[in-house]
Amino acid sequence: MSESPDARSLLSASSQLNLMEVDTIDDKEFDIPQVDTPPTLESILNELDDEEEPFMLEDTCTLSTDNMDAHSCDTSSLASSDSGDPAHLKRKRRTVDLNATVHGSVLRHSLLKGISAQIVSAADKVDAGLPTAITVSGVIAVGTSHGLALVFGKDTNQALRLCLGTKTTGAEFGAVSALSINHDCSRLLCGFAKGQITMWDLANGKLLRTITDAHPPGTAILHVKFTDDPTLAVCNDSGGSVFELAFRRVMGMRTCDSRCLFSGSKGEVCCIEPLRAPPDFRDHPITHYSLLAMASLTKILVIGLKPTLKVWMTFPYSKSDPSSVPQLAWQFVPVQKTVNPILAFCKGDTVHFLLVKKEETGTIHVIKQRQLHLSCDIISLSWINSRTLVLVDSHEKLHVVDRPSQEVLETLDLEQVQLVYNSRHFKSLATGGNVSQALALVGEKACYQSVSSYAGQIVYLGTKSAHIMTLRNWRERLDCLLKQEHFAEALTLAWSFHEGTAKAVVGLFGDPIKRKGVVADKMAEILCQFADHALKKCPEQGKIQVMEQHFYDVVPVLVDYCLLLQRADLLFSHLYARLVENTVSKGVFLESLESYIVADRLGHLTTPIMRDLLAHYHGNGMMDSLERCIVHLDVTSLDIQQVVQVCWENQLYDAMIYVFNSGMNDYITPMEKLFAVIGPPLREGRSLTDEEVVMGNKLLVYISCCLAGRAYPLGDIPEDLVIQVKNQVFEFLIRLHSADWSEEEEVFPFIRTLLHFDTREFLNVLAMTFEDFKNDKQALEYQQRIVDILLQVMVDNPDFTPSQVGGLFTFLARQLAKPDNTLFVNRKLFDQVLEFLCCPDDDSRHTERQQVLLELLQVGGVVQFNEERLLALAEKAKFYQICEFLYEKKHLYDRILDCYLRDPLRKGEIFSYIHNLLSMPGYSPEEKQTVKEKVLQHIQELVTLDPSKSADVVVFHFTEEVQLIISELEDDELLFKFLSCLLEPRYSLNGTDLPLERDLHERLLELLCRFAPQQLLSFLQTSQHYRLEEAIQITEMHHHSEATAYLLERKGDFHGAFSVLLETLKEKLCLLTAESDAEAEDRRHDEDEINDDSTLTRVKDSLNDIIALCHRSSHNLYQQQREALWFPLLETMMASQKLVKGSNPKHTSEVLKELTMKVLNSMSSFIPLPAIIQRILQDPVYGKGKLAEIQGLILGMLDTFNYEQTLLETTTSLLNHDLHWSLAHLRAAVTRGLHPRQDYCNICLQQYKRRQDSAEEIIVFSCGHLYHFQCLQQKDCGWRLASERQQRWSCYKCSSSQGGKGGSSTEPNRSRSTSLAQTRVTSVHHDAGAEAHRKKVFVEASLDLQQEQSWDQLRSLYRGPSRLSILSELSHCHSEKAGPLIPAQPGAEHFQLKLSPPPLLEE
């Protein structure tokens, strides 16, 4: 019944399980899905009061569907949906999911009305107080808050049998806090809130014992429990201690001996559970040990009270909420044919299970089982049978859980029960609340005394009522679902009963076959009810889709379960007879059958249903569905004549073939019928319709199946018929004429038709068939006959294309190439085909014919041909791939290159072929040499084809022949393209050097000057292989001034470069002035402006180049040399302004002035201001006239000067501030007292006061480490500075952890290990009698301002961008931005100092 311990548990190594062993147990965790909250029990609790119910265990199945049952089965595990919703009008077919789980209502929840009424009555009428505790056995006992115990019978009336105790004793003892009844229901133990325990005789209500000294006074009784031994009980008090109570009767005196089993000082126990065996297991060997489980706030203990007290196991909890309540529950569970007790315990959300076994040696063995995890805080745990647990969580939700599968079967809400909690007793309020905070916190949720389980019943105590839970039997569970009209769910649940997969099953016993029979009968009953209900509830009017959907939710379910139960009689007689009444349900039923027929679940239909099926599918145009059904049905259930007629009329060829084959063993008639359809259009040369193409393909597949021994469209031909069918089909194919032939019909019409329809596929069918022919003489004769017919039909027949004829001969060549070939084909036919394919006069289908011939050769056709003749024909027909194939066989690889060059389709592939052939092994050096020679012969052609790929081939394979190749290339432009590709940088090559590389680069440079001057500059910048002098000569010869200037600058001749660029600038300025001068009257103004603008742009570009050159070179020149660069440029710009004339002189003049100002701004960084002004004033343009003309120029220069002065002052101020700030921080760091972390040296690990008699120097670092002077010296952690005699030290520990161990630090100023302030302390010890005192002499606290050290310290103290770094950014910017007159924004992404120049003041 339950899982085996081998599969689900781990055996402990020793017989005793102690705390250490528990930790090593392997434990799988399982996630239990959260359970949806079902509706509450409010409705039943409200209704029950009004109804008269004679029986004690109220059966809620008799209530209306509005009460509790309507909800209790609609739990988390039930999936019901209203699929008849008109919003979803698409036909949604409801099918049965055999893996779906439906549990229905598992628990029957009943109110104990008699007890509930009397509890309330007793509280009102005799002031018995509120209920506090309950226990159940043969009777039900309820304790009250005023110290009374009410005992009720479990008969129909639940009559009050005894009222034990009085209000007087209640006032003395307090409320009843715990109850227990012994196994024969003769004694009742009552524990009280003030600590007393009383024992009563349940037969006569007599008080037998009052125990007041069993445990420490001032603590409440939390639990009192009988063991299986009626003279032994255990109790647990609010001090957390556990005591054993031994009842004695000596000389007629009843006594009670108490002994402490567990002291609360070691950890408070708040739950105890003795193992009590049910009547069937009273003789179980484990009962002799009288086991007791105890749960403290931190762990579980299992102890044996007999024969001697012994702890068998301790088990600590995993981490949980401190307010969670520990729970314990024992249950005898069958495991592998033996029954042993399992202890379930939890604290929080995880339930653990321990299997307890008695070994033969007499020891108790505890095995941990799979745990159960729920996402709720459990406050009550009970077994209802050996497989099922009932849990209550802190939200008062009840969960029924199946332990083997860990599935939550049902969830109910107990909120309306209003459970009684035992918090008052846990806080021991009756004795003054003297309990620990931990126990009081647990007590908030404790309800131990409100839940009691006995023999499959669980009783729950509410503040005004008592409730009982029992498992429903299987019929009840089904009836609950049927009452709510959940038929599909009821069937799912019934099927789980049938298959034995249902959980918490009650009432199904005995032989499995009988059990299945009982459930099957019940299911048949439900199916009939479901069908009747569906017909009754069918909407009478409205959309047809809604009605169809209604039945689609029902009929497939009916069919499914009838087939699962193998009750086709029920389906076809009873159910179909009912559904026929409604036309919609009849149609849905017939359509639903399709999926079951196709899945081969339903192979035989009765004649009336088959007739209805044909009529319905035919009437609704569902021909594809009909065909699918027919080919899966047993032929004996079909009316063959009717079916064949329907199939032929509606082109259901698959079905027709199936009926002929299976019903009449006729394999030829279907072929005749299909040939009759596709033959005529093919003979007349008409193109086939899509439908005819489908039929042709069907015919090919059908022939293939027949020849291979397979039935069409599925299955296999009966073994005794396979050879006969194959021979029949061959005989049919090779018929000379069809049955109804006319004069015009050609011979072999069937083979001819198939060849015309799809030659390749027909030949494939034959090829597959021929594979199977080995020793079958008859079949081999057919094979030869068919080949002869194929040759007779196709050769010399203009109706067939070269591709089709080639396909035939390829097929034949494959057959002939087989080792066990028996076919004979005339060689002359192959020659004939060769002539036909290689006909040079026929240009049509050239590629196709070549491809066909190539295929023919590849499958072994060469054997059939004379190679020399074939080669001659191929060359004549320009079949270059054929030539290549033949040359490859003869190893004439150089000739293959010719094939590639002459073949226009494959010319481009020649390069990869050359590369592969010359790179790959497997070719001899002689073969490679002939290919190389052929390549060199055709190099001009190859370069013309693709210069880049040619260059790649040359670099890899022809580096030695480069000069030869260049001499071969006659056209300079072609040579330019080739050299460009040859000399471009290649990353994949590992330094392949070409011979005379300098000459090649210079040659390319010359060609660039001629053909691509725009690429000249980039070539000069990237290439490293030309000689400067030669390159300068080449560029000068071709008058490329920019390139010449670049080369001169590279050479170091700045003045030469400057003069070249200046000359260019002058030419462009001349053009500009001349253009504005020589304007023709008839030129349109806008055209002139465009022209003017392009010249201006060229002037600006030229000027920018020359300014950039001056900038680059000025850094490396003296003042005089700088002036020799800048002043000629300035003079050129100023001189050009004088020459401006023409129609728009003002615009040109303004532009030139702007450009002149740009030159001035640029040169102001390198030339002193007075020198510039002096030069301007000497200029004739500015020299004459008034100051007003040059006022703008000079004021602009003054603005620049003011801007730079402001910048300088601001920078100085910032630097001073930063320096002061850093020095102040450094001084603070240096003068701060050093606090050693330890009082011992970090090297020798001895106290710094090592010896009493010697003075010893100590060095303390800013990191807090302390060392003896000698220890540091030994570790070589110091270094002397060259400038001073003083020795510097680095912290040994910090420096060794950051790099090298020991040794002198190579970069001492890079870490905190080198202190900025090192204090050397000399410890001087004077022996002055018994006590040595120590005096620290401050030797030195010096600050060595090494720049790097202070900078590091500054960086670590001040996080963020330093203002020094900002200023350094500005200085970079300033080298480009020389004044405010240029609107440039260098380094825009960096911070920029925004200082505006002073405003212009007008005089």
# chains A, B, ... in the order shown; residues from 1 in each chain; ligands from 1
$ residues_around --residues "Lys357 in chain A" --least-positions-apart "6" --cutoff "7 Å" --atoms "only C-alpha atoms" --output "ChimeraX atom specification"
/A:340,364-366
$ write_last_selection --atoms "N, CA, C and O atoms" --output "CSV table (one decimal), in the first residue's frame"
chain,number,residue,atom,x,y,z
A,340,ASN,N,4.6,-1.1,10.4
A,340,ASN,CA,5.4,-0.4,11.4
A,340,ASN,C,4.9,1.0,11.6
A,340,ASN,O,4.2,1.6,10.8
A,364,ILE,N,15.9,-0.4,18.5
A,364,ILE,CA,14.9,0.4,17.7
A,364,ILE,C,15.7,1.1,16.6
A,364,ILE,O,16.7,1.7,16.9
A,365,HIS,N,15.2,0.9,15.4
A,365,HIS,CA,15.9,1.5,14.2
A,365,HIS,C,15.0,2.6,13.6
A,365,HIS,O,13.8,2.3,13.4
A,366,VAL,N,15.5,3.8,13.4
A,366,VAL,CA,14.7,4.9,12.9
A,366,VAL,C,15.2,5.3,11.5
A,366,VAL,O,16.4,5.5,11.3
$ residues_around --residues "Ser323 in chain A" --least-positions-apart "6" --cutoff "10 Å" --atoms "only C-alpha atoms" --output "list in words"
Leu297, Lys347, Gly348, Asp377, Ala438, Leu439, Ala440, Leu441, Val442, Gly443, Glu444, Lys445 and Ala446 of chain A
$ write_last_selection --atoms "N, CA, C and O atoms" --output "tab-separated table (two decimals), in the first residue's frame"
chain	number	residue	atom	x	y	z
A	297	LEU	N	11.10	22.96	21.94
A	297	LEU	CA	11.11	24.11	21.02
A	297	LEU	C	12.24	23.99	20.00
A	297	LEU	O	12.26	24.74	19.04
A	347	LYS	N	7.22	21.46	12.45
A	347	LYS	CA	7.22	22.77	13.14
A	347	LYS	C	7.37	23.78	12.02
A	347	LYS	O	8.43	23.95	11.46
A	348	GLY	N	6.27	24.43	11.68
A	348	GLY	CA	6.31	25.36	10.54
A	348	GLY	C	5.60	24.77	9.33
A	348	GLY	O	4.47	24.33	9.43
A	377	ASP	N	1.77	27.64	7.53
A	377	ASP	CA	2.25	27.35	8.88
A	377	ASP	C	1.25	26.40	9.54
A	377	ASP	O	0.10	26.75	9.79
A	438	ALA	N	9.37	32.20	25.09
A	438	ALA	CA	9.35	31.31	23.91
A	438	ALA	C	8.11	30.42	23.94
A	438	ALA	O	7.42	30.24	22.93
A	439	LEU	N	7.80	29.86	25.13
A	439	LEU	CA	6.64	28.98	25.24
A	439	LEU	C	5.34	29.77	25.06
A	439	LEU	O	4.41	29.30	24.41
A	440	ALA	N	5.32	30.98	25.63
A	440	ALA	CA	4.12	31.82	25.49
A	440	ALA	C	3.88	32.17	24.02
A	440	ALA	O	2.74	32.22	23.56
A	441	LEU	N	4.98	32.39	23.27
A	441	LEU	CA	4.86	32.74	21.84
A	441	LEU	C	4.29	31.55	21.07
A	441	LEU	O	3.39	31.71	20.23
A	442	VAL	N	4.78	30.33	21.36
A	442	VAL	CA	4.25	29.13	20.70
A	442	VAL	C	2.77	28.95	21.05
A	442	VAL	O	1.94	28.57	20.22
A	443	GLY	N	2.43	29.26	22.32
A	443	GLY	CA	1.06	29.08	22.78
A	443	GLY	C	0.03	29.92	22.07
A	443	GLY	O	-1.16	29.59	22.09
A	444	GLU	N	0.46	30.98	21.38
A	444	GLU	CA	-0.49	31.85	20.66
A	444	GLU	C	-1.30	31.05	19.64
A	444	GLU	O	-2.46	31.34	19.38
A	445	LYS	N	-0.66	30.01	19.02
A	445	LYS	CA	-1.34	29.26	17.97
A	445	LYS	C	-1.63	27.82	18.38
A	445	LYS	O	-1.99	27.00	17.53
A	446	ALA	N	-1.45	27.48	19.66
A	446	ALA	CA	-1.61	26.09	20.09
A	446	ALA	C	-3.09	25.72	20.20
A	446	ALA	O	-3.88	26.44	20.82
$ residues_around --residues "Val693 in chain A" --least-positions-apart "4" --cutoff "10 Å" --atoms "only C-alpha atoms" --output "ChimeraX atom specification"
/A:678,687-689,697-699,757-758
$ write_last_selection --atoms "N, CA and C atoms" --output "compact mmCIF listing (two decimals), in the first residue's frame"
# COMPACT_ATOMS: atom_id res chain seq x y z
N ILE A 678 -5.67 9.82 -65.77
CA ILE A 678 -4.50 10.64 -66.12
C ILE A 678 -3.93 10.30 -67.50
N SER A 687 -1.47 19.95 -70.29
CA SER A 687 -0.89 20.02 -68.93
C SER A 687 -1.95 19.55 -67.94
N LEU A 688 -1.49 18.86 -66.90
CA LEU A 688 -2.41 18.25 -65.94
C LEU A 688 -2.92 19.29 -64.94
N THR A 689 -4.15 19.07 -64.49
CA THR A 689 -4.68 19.93 -63.41
C THR A 689 -4.05 19.46 -62.08
N ASN A 697 0.52 11.10 -58.57
CA ASN A 697 1.43 10.80 -57.46
C ASN A 697 0.91 9.63 -56.63
N LYS A 698 -0.42 9.61 -56.41
CA LYS A 698 -1.03 8.49 -55.66
C LYS A 698 -0.73 7.17 -56.39
N LEU A 699 -0.87 7.20 -57.71
CA LEU A 699 -0.65 6.00 -58.52
C LEU A 699 0.77 5.49 -58.36
N PHE A 757 4.39 11.16 -67.13
CA PHE A 757 3.93 11.86 -65.92
C PHE A 757 5.12 12.33 -65.07
N ASP A 758 6.02 11.42 -64.74
CA ASP A 758 7.20 11.82 -63.96
C ASP A 758 8.26 10.74 -64.13
$ atom_distance --atom1 "CA of Arg249 in chain A" --atom2 "CA of Leu179 in chain A"
22.1 Å
$ residues_around --residues "Lys299 in chain A" --least-positions-apart "6" --cutoff "6 Å" --atoms "only C-alpha atoms" --output "MDAnalysis selection string"
chainID A and resid 315:317
$ write_last_selection --atoms "all heavy atoms" --output "PDB file, in the first residue's frame"
ATOM      1  N   PHE A 315      16.293  14.547  17.094  1.00  0.00           N
ATOM      2  CA  PHE A 315      16.262  15.093  15.726  1.00  0.00           C
ATOM      3  C   PHE A 315      16.016  16.607  15.828  1.00  0.00           C
ATOM      4  O   PHE A 315      14.957  17.022  16.266  1.00  0.00           O
ATOM      5  CB  PHE A 315      15.110  14.432  14.966  1.00  0.00           C
ATOM      6  CG  PHE A 315      15.129  14.701  13.491  1.00  0.00           C
ATOM      7  CD1 PHE A 315      15.652  13.781  12.607  1.00  0.00           C
ATOM      8  CD2 PHE A 315      14.615  15.900  12.970  1.00  0.00           C
ATOM      9  CE1 PHE A 315      15.654  14.027  11.242  1.00  0.00           C
ATOM     10  CE2 PHE A 315      14.631  16.153  11.620  1.00  0.00           C
ATOM     11  CZ  PHE A 315      15.152  15.200  10.750  1.00  0.00           C
ATOM     12  N   PRO A 316      17.013  17.435  15.474  1.00  0.00           N
ATOM     13  CA  PRO A 316      16.818  18.891  15.590  1.00  0.00           C
ATOM     14  C   PRO A 316      15.943  19.412  14.446  1.00  0.00           C
ATOM     15  O   PRO A 316      15.938  18.856  13.348  1.00  0.00           O
ATOM     16  CB  PRO A 316      18.235  19.448  15.480  1.00  0.00           C
ATOM     17  CG  PRO A 316      18.960  18.420  14.677  1.00  0.00           C
ATOM     18  CD  PRO A 316      18.335  17.092  14.954  1.00  0.00           C
ATOM     19  N   TYR A 317      15.211  20.490  14.713  1.00  0.00           N
ATOM     20  CA  TYR A 317      14.410  21.113  13.642  1.00  0.00           C
ATOM     21  C   TYR A 317      15.318  21.875  12.707  1.00  0.00           C
ATOM     22  O   TYR A 317      16.377  22.367  13.098  1.00  0.00           O
ATOM     23  CB  TYR A 317      13.427  22.139  14.212  1.00  0.00           C
ATOM     24  CG  TYR A 317      12.431  21.613  15.203  1.00  0.00           C
ATOM     25  CD1 TYR A 317      12.296  22.204  16.450  1.00  0.00           C
ATOM     26  CD2 TYR A 317      11.614  20.544  14.898  1.00  0.00           C
ATOM     27  CE1 TYR A 317      11.376  21.739  17.374  1.00  0.00           C
ATOM     28  CE2 TYR A 317      10.689  20.070  15.801  1.00  0.00           C
ATOM     29  CZ  TYR A 317      10.574  20.668  17.049  1.00  0.00           C
ATOM     30  OH  TYR A 317       9.681  20.208  17.935  1.00  0.00           O
TER      31      TYR A 317
END
$ residues_around --residues "Tyr1118 in chain A" --least-positions-apart "5" --cutoff "10 Å" --atoms "only C-alpha atoms" --output "list in words"
Glu1123, Ala1124 and Phe1166 of chain A
$ write_last_selection --atoms "all heavy atoms" --output "PDB file, in the first residue's frame"
ATOM      1  N   GLU A1123      59.324  82.425 -37.353  1.00  0.00           N
ATOM      2  CA  GLU A1123      58.894  83.637 -38.075  1.00  0.00           C
ATOM      3  C   GLU A1123      59.027  83.435 -39.575  1.00  0.00           C
ATOM      4  O   GLU A1123      58.207  83.924 -40.353  1.00  0.00           O
ATOM      5  CB  GLU A1123      59.747  84.829 -37.611  1.00  0.00           C
ATOM      6  CG  GLU A1123      59.396  85.269 -36.185  1.00  0.00           C
ATOM      7  CD  GLU A1123      60.232  86.459 -35.716  1.00  0.00           C
ATOM      8  OE1 GLU A1123      60.993  86.986 -36.544  1.00  0.00           O
ATOM      9  OE2 GLU A1123      60.109  86.839 -34.542  1.00  0.00           O
ATOM     10  N   ALA A1124      60.070  82.647 -39.974  1.00  0.00           N
ATOM     11  CA  ALA A1124      60.265  82.388 -41.407  1.00  0.00           C
ATOM     12  C   ALA A1124      59.099  81.575 -41.985  1.00  0.00           C
ATOM     13  O   ALA A1124      58.879  81.577 -43.195  1.00  0.00           O
ATOM     14  CB  ALA A1124      61.584  81.634 -41.615  1.00  0.00           C
ATOM     15  N   PHE A1166      52.755  81.137 -31.046  1.00  0.00           N
ATOM     16  CA  PHE A1166      54.184  80.866 -31.294  1.00  0.00           C
ATOM     17  C   PHE A1166      55.010  82.146 -31.513  1.00  0.00           C
ATOM     18  O   PHE A1166      56.213  82.128 -31.329  1.00  0.00           O
ATOM     19  CB  PHE A1166      54.328  79.947 -32.517  1.00  0.00           C
ATOM     20  CG  PHE A1166      53.568  78.655 -32.370  1.00  0.00           C
ATOM     21  CD1 PHE A1166      52.354  78.448 -33.016  1.00  0.00           C
ATOM     22  CD2 PHE A1166      54.070  77.641 -31.566  1.00  0.00           C
ATOM     23  CE1 PHE A1166      51.659  77.272 -32.869  1.00  0.00           C
ATOM     24  CE2 PHE A1166      53.359  76.451 -31.425  1.00  0.00           C
ATOM     25  CZ  PHE A1166      52.164  76.265 -32.075  1.00  0.00           C
TER      26      PHE A1166
END
$ closest_residue --among "A:Glu909, A:Glu973, A:Asp666, A:Glu627" --to "Glu594 in chain A" --atoms "only C-alpha atoms"
A:Glu627
$ residues_around --residues "Lys310 in chain A" --least-positions-apart "5" --cutoff "10 Å" --atoms "only C-alpha atoms" --output "VMD selection string"
chain A and resid 261 289 291 302 to 305
$ select_by_dssp --residues "range 424-548 of chain A" --states "helix (DSSP H, G or I)" --output "ChimeraX atom specification"
/A:424-426,429-431,437-443,448-450,474-483,487-499,512-537,544-548
$ closest_residue --among "A:Val631, A:Cys705, A:Phe1127, A:Lys673" --to "Asp654 in chain A" --atoms "only C-alpha atoms"
A:Val631
$ residues_around --residues "Asp788 in chain A" --least-positions-apart "3" --cutoff "10 Å" --atoms "only C-alpha atoms" --output "MDAnalysis selection string"
chainID A and resid 782:785 791:793 823:826
$ write_last_selection --atoms "N, CA and C atoms" --output "PDB file, in the first residue's frame"
ATOM      1  N   TYR A 782      11.003 -10.174 -65.200  1.00  0.00           N
ATOM      2  CA  TYR A 782      10.212  -8.938 -65.299  1.00  0.00           C
ATOM      3  C   TYR A 782      11.124  -7.716 -65.396  1.00  0.00           C
ATOM      4  N   GLN A 783      12.197  -7.760 -64.627  1.00  0.00           N
ATOM      5  CA  GLN A 783      13.135  -6.625 -64.590  1.00  0.00           C
ATOM      6  C   GLN A 783      13.713  -6.385 -65.987  1.00  0.00           C
ATOM      7  N   GLN A 784      14.204  -7.479 -66.624  1.00  0.00           N
ATOM      8  CA  GLN A 784      14.793  -7.350 -67.965  1.00  0.00           C
ATOM      9  C   GLN A 784      13.739  -6.882 -68.972  1.00  0.00           C
ATOM     10  N   ARG A 785      12.530  -7.407 -68.811  1.00  0.00           N
ATOM     11  CA  ARG A 785      11.448  -7.072 -69.754  1.00  0.00           C
ATOM     12  C   ARG A 785      11.119  -5.580 -69.656  1.00  0.00           C
ATOM     13  N   LEU A 791      13.641   1.106 -72.973  1.00  0.00           N
ATOM     14  CA  LEU A 791      14.530   1.511 -74.069  1.00  0.00           C
ATOM     15  C   LEU A 791      13.738   1.652 -75.373  1.00  0.00           C
ATOM     16  N   GLN A 792      12.843   0.731 -75.573  1.00  0.00           N
ATOM     17  CA  GLN A 792      12.038   0.753 -76.816  1.00  0.00           C
ATOM     18  C   GLN A 792      11.180   2.020 -76.870  1.00  0.00           C
ATOM     19  N   VAL A 793      10.606   2.404 -75.695  1.00  0.00           N
ATOM     20  CA  VAL A 793       9.693   3.553 -75.668  1.00  0.00           C
ATOM     21  C   VAL A 793      10.453   4.871 -75.766  1.00  0.00           C
ATOM     22  N   LEU A 823      21.272  -7.614 -65.660  1.00  0.00           N
ATOM     23  CA  LEU A 823      20.630  -6.938 -66.803  1.00  0.00           C
ATOM     24  C   LEU A 823      21.543  -6.960 -68.014  1.00  0.00           C
ATOM     25  N   PHE A 824      20.925  -6.968 -69.178  1.00  0.00           N
ATOM     26  CA  PHE A 824      21.700  -6.820 -70.416  1.00  0.00           C
ATOM     27  C   PHE A 824      21.172  -5.601 -71.164  1.00  0.00           C
ATOM     28  N   VAL A 825      22.114  -4.702 -71.533  1.00  0.00           N
ATOM     29  CA  VAL A 825      21.735  -3.524 -72.321  1.00  0.00           C
ATOM     30  C   VAL A 825      22.731  -3.411 -73.473  1.00  0.00           C
ATOM     31  N   ASN A 826      22.244  -3.152 -74.676  1.00  0.00           N
ATOM     32  CA  ASN A 826      23.092  -3.046 -75.859  1.00  0.00           C
ATOM     33  C   ASN A 826      23.992  -1.814 -75.755  1.00  0.00           C
TER      34      ASN A 826
END
$ closest_residue --among "A:Asp898, A:Asp124, A:Asp349, A:Glu1002" --to "Leu942 in chain A" --atoms "only C-alpha atoms"
A:Asp898
$ closest_residue --among "A:Lys777, A:Pro539, A:Leu733, A:Leu602" --to "Leu790 in chain A" --atoms "only C-alpha atoms"
A:Leu733
$ closest_residue --among "A:Leu1048, A:Ala293, A:Ala171, A:Met469" --to "Leu414 in chain A" --atoms "only C-alpha atoms"
A:Met469
$ atom_distance --atom1 "CA of Thr169 in chain A" --atom2 "CA of Lys206 in chain A"
14.4 Å
$ atom_distance --atom1 "CA of Arg1288 in chain A" --atom2 "CA of His1220 in chain A"
25.5 Å
